[in-house]
Amino acid sequence: MRIDWIAKLRHLTQTLAFCLAVSALQFFFMPDRPYQFPALYSVCIGSSIWALIDFGRHLFASAAETGWPRGAAGLLLPIGGIFGGYLVGTLAADWWFGVSSWTEQGRAQLPTSIVITLLAGSVATYYFYNKNKSAWQESKMTEARHQATGARLKLLESQLEPHMLFNTLANLRALIGTDRLAAQQMLDRLIDYLRATLAASRADTHSLATEFDRLRDYLELMQIRMGPRLRFSLELPDELRERSIPPLLLQPLVENAIKHGLEPSVDGGTVSVRAWRQGSELRLEVTDTGVGMDARAASGGSGFGLAQVRERLATLWGTQARMSIASNPPHGTRIALTLP
């Protein structure tokens, strides 16, 4: 049996606070006795009831949603705990003060003490029962939200993978008509690239080093088709190589830079990808020296890929992650991602 001692200590602290509140009410209505008498009796009785019920419930099969024993045990345990705790706590307080609650004078106060104990014990038991149930429901809601987020991310990735594949095949088709030898080389590289990329994309996350390796493979693949019109640079500091990110996060941005930035330009251009830490945030940036934002927008270059990246950021990090798009003077476009 595994016991969460931190939770037990928290329950005991709450029980003691409740006992002191009950003793304060008793003293308010019966101020003829010093406060230490109702305070100690309340603490001894309350902590005894707590111990018998909170530890006793582990002796029975409990419902997962409440942590409370099933069936008749769920009713008999608090009843037995309240009466047993009253007896043990009263004897402990009697011993401390050197008195007896079972004398004729003491027995006159027993009905009142028993009623107070029953009411207080029932209220405290109901409180902890509902608190456990609420905690279980909250954990289930959190689990459901995580599952929904995971399902949404998988849906976005399943849309992204064929989009990436179709773009690459379209590039290959264009090359077949102009340079068959280069097309064969590109096909060989494409097979290796897709094998590595599609296998890696099945993981929930991978390292920035892996992401940059896949980008290098893709850019070298595109260089077979574009030749000297495509130049690229990748900058990844060593301290960020093992930083985890979702797979294919930067890939759509690089594809977008080539398709809508460099390919429409006669001279082509350069694609640069870099990562750096800025305070507690991770910055990722894809820049190109292509036709620029206005020309890209005019050609419909807002892009499926950009929408997918933006949606993945929102799903994973909400408002903590941002994507910005700006001009890259003297010409070109700069897309920056800020991650927590």
# chains A, B, ... in the order shown; residues from 1 in each chain; ligands from 1
$ residues_around --residues "Thr125 in chain A" --least-positions-apart "4" --cutoff "8 Å" --atoms "only C-alpha atoms" --output "short mmCIF file (atom, residue, chain, number, x, y, z; two decimals) with all heavy atoms, in the first residue's frame"
data_model
loop_
_atom_site.label_atom_id
_atom_site.label_comp_id
_atom_site.auth_asym_id
_atom_site.auth_seq_id
_atom_site.Cartn_x
_atom_site.Cartn_y
_atom_site.Cartn_z
N PRO A 78 -16.80 5.91 8.47
CA PRO A 78 -16.91 7.20 9.16
C PRO A 78 -17.66 7.09 10.49
O PRO A 78 -17.32 7.78 11.45
CB PRO A 78 -17.66 8.09 8.16
CG PRO A 78 -18.29 7.17 7.20
CD PRO A 78 -17.44 5.96 7.13
N GLY A 121 -17.70 15.89 12.91
CA GLY A 121 -17.10 14.77 12.20
C GLY A 121 -17.78 14.52 10.86
O GLY A 121 -17.11 14.22 9.86
N TYR A 129 -14.46 14.02 1.51
CA TYR A 129 -15.01 13.15 0.47
C TYR A 129 -15.19 13.93 -0.82
O TYR A 129 -14.78 13.49 -1.91
CB TYR A 129 -16.34 12.58 0.95
CG TYR A 129 -17.11 11.81 -0.11
CD1 TYR A 129 -16.87 10.46 -0.34
CD2 TYR A 129 -18.11 12.43 -0.86
CE1 TYR A 129 -17.58 9.75 -1.30
CE2 TYR A 129 -18.82 11.74 -1.83
CZ TYR A 129 -18.55 10.39 -2.04
OH TYR A 129 -19.26 9.71 -3.00
#
$ residues_around --residues "Leu20 in chain A" --least-positions-apart "2" --cutoff "7 Å" --atoms "only C-alpha atoms" --output "list in words"
Leu16, Ala17, Phe18, Val22, Ser23, Ala24, Ala39, Ser42 and Val43 of chain A
$ residues_around --residues "Gln26 in chain A" --least-positions-apart "3" --cutoff "12 Å" --atoms "only C-alpha atoms" --output "list of chain:residue names"
A:Cys19, A:Leu20, A:Ala21, A:Val22, A:Ser23, A:Phe29, A:Met30, A:Pro31, A:Asp32, A:Arg33, A:Pro34, A:Tyr35, A:Gln36, A:Phe37, A:Pro38, A:Ala39, A:Leu40, A:Tyr41, A:Ser42, A:Thr112, A:Ser113, A:Ile116, A:Thr117, A:Ala120
$ write_last_selection --atoms "C-alpha atoms" --output "mmCIF file, in the first residue's frame"
data_model
loop_
_atom_site.group_PDB
_atom_site.id
_atom_site.type_symbol
_atom_site.label_atom_id
_atom_site.label_comp_id
_atom_site.auth_asym_id
_atom_site.auth_seq_id
_atom_site.Cartn_x
_atom_site.Cartn_y
_atom_site.Cartn_z
ATOM 1 C CA CYS A 19 -10.907 21.583 15.322
ATOM 2 C CA LEU A 20 -9.682 24.958 16.549
ATOM 3 C CA ALA A 21 -12.615 26.664 14.821
ATOM 4 C CA VAL A 22 -15.034 24.272 16.543
ATOM 5 C CA SER A 23 -13.397 24.870 19.943
ATOM 6 C CA PHE A 29 -21.222 29.743 23.786
ATOM 7 C CA MET A 30 -19.711 28.347 27.005
ATOM 8 C CA PRO A 31 -17.192 30.934 28.246
ATOM 9 C CA ASP A 32 -17.281 29.606 31.850
ATOM 10 C CA ARG A 33 -14.423 27.135 31.132
ATOM 11 C CA PRO A 34 -10.888 28.182 30.078
ATOM 12 C CA TYR A 35 -10.321 27.978 26.328
ATOM 13 C CA GLN A 36 -7.566 25.349 26.624
ATOM 14 C CA PHE A 37 -10.153 22.745 27.693
ATOM 15 C CA PRO A 38 -12.385 22.821 24.582
ATOM 16 C CA ALA A 39 -9.306 23.441 22.385
ATOM 17 C CA LEU A 40 -7.380 20.359 23.547
ATOM 18 C CA TYR A 41 -10.453 18.095 23.604
ATOM 19 C CA SER A 42 -11.407 19.244 20.114
ATOM 20 C CA THR A 112 -23.582 17.757 24.136
ATOM 21 C CA SER A 113 -20.045 16.591 23.369
ATOM 22 C CA ILE A 116 -20.903 18.313 18.562
ATOM 23 C CA THR A 117 -18.540 15.494 17.585
ATOM 24 C CA ALA A 120 -18.281 18.247 13.222
#
$ atom_distance --atom1 "CA of Leu91 in chain A" --atom2 "CA of Asp4 in chain A"
28.8 Å
$ atom_distance --atom1 "CA of Leu52 in chain A" --atom2 "CA of Gln137 in chain A"
25.5 Å
$ residues_around --residues "range 239-248 of chain A" --least-positions-apart "4" --cutoff "6 Å" --atoms "only C-alpha atoms" --output "list in words"
Ser201, Thr205, His206, Ser207, Leu208 and Ala209 of chain A
$ residues_around --residues "Leu221 in chain A" --least-positions-apart "4" --cutoff "8 Å" --atoms "only C-alpha atoms" --output "VMD selection string"
chain A and resid 186 189 to 190 217 225
$ atom_distance --atom1 "CA of Arg57 in chain A" --atom2 "CA of Ile3 in chain A"
11.2 Å
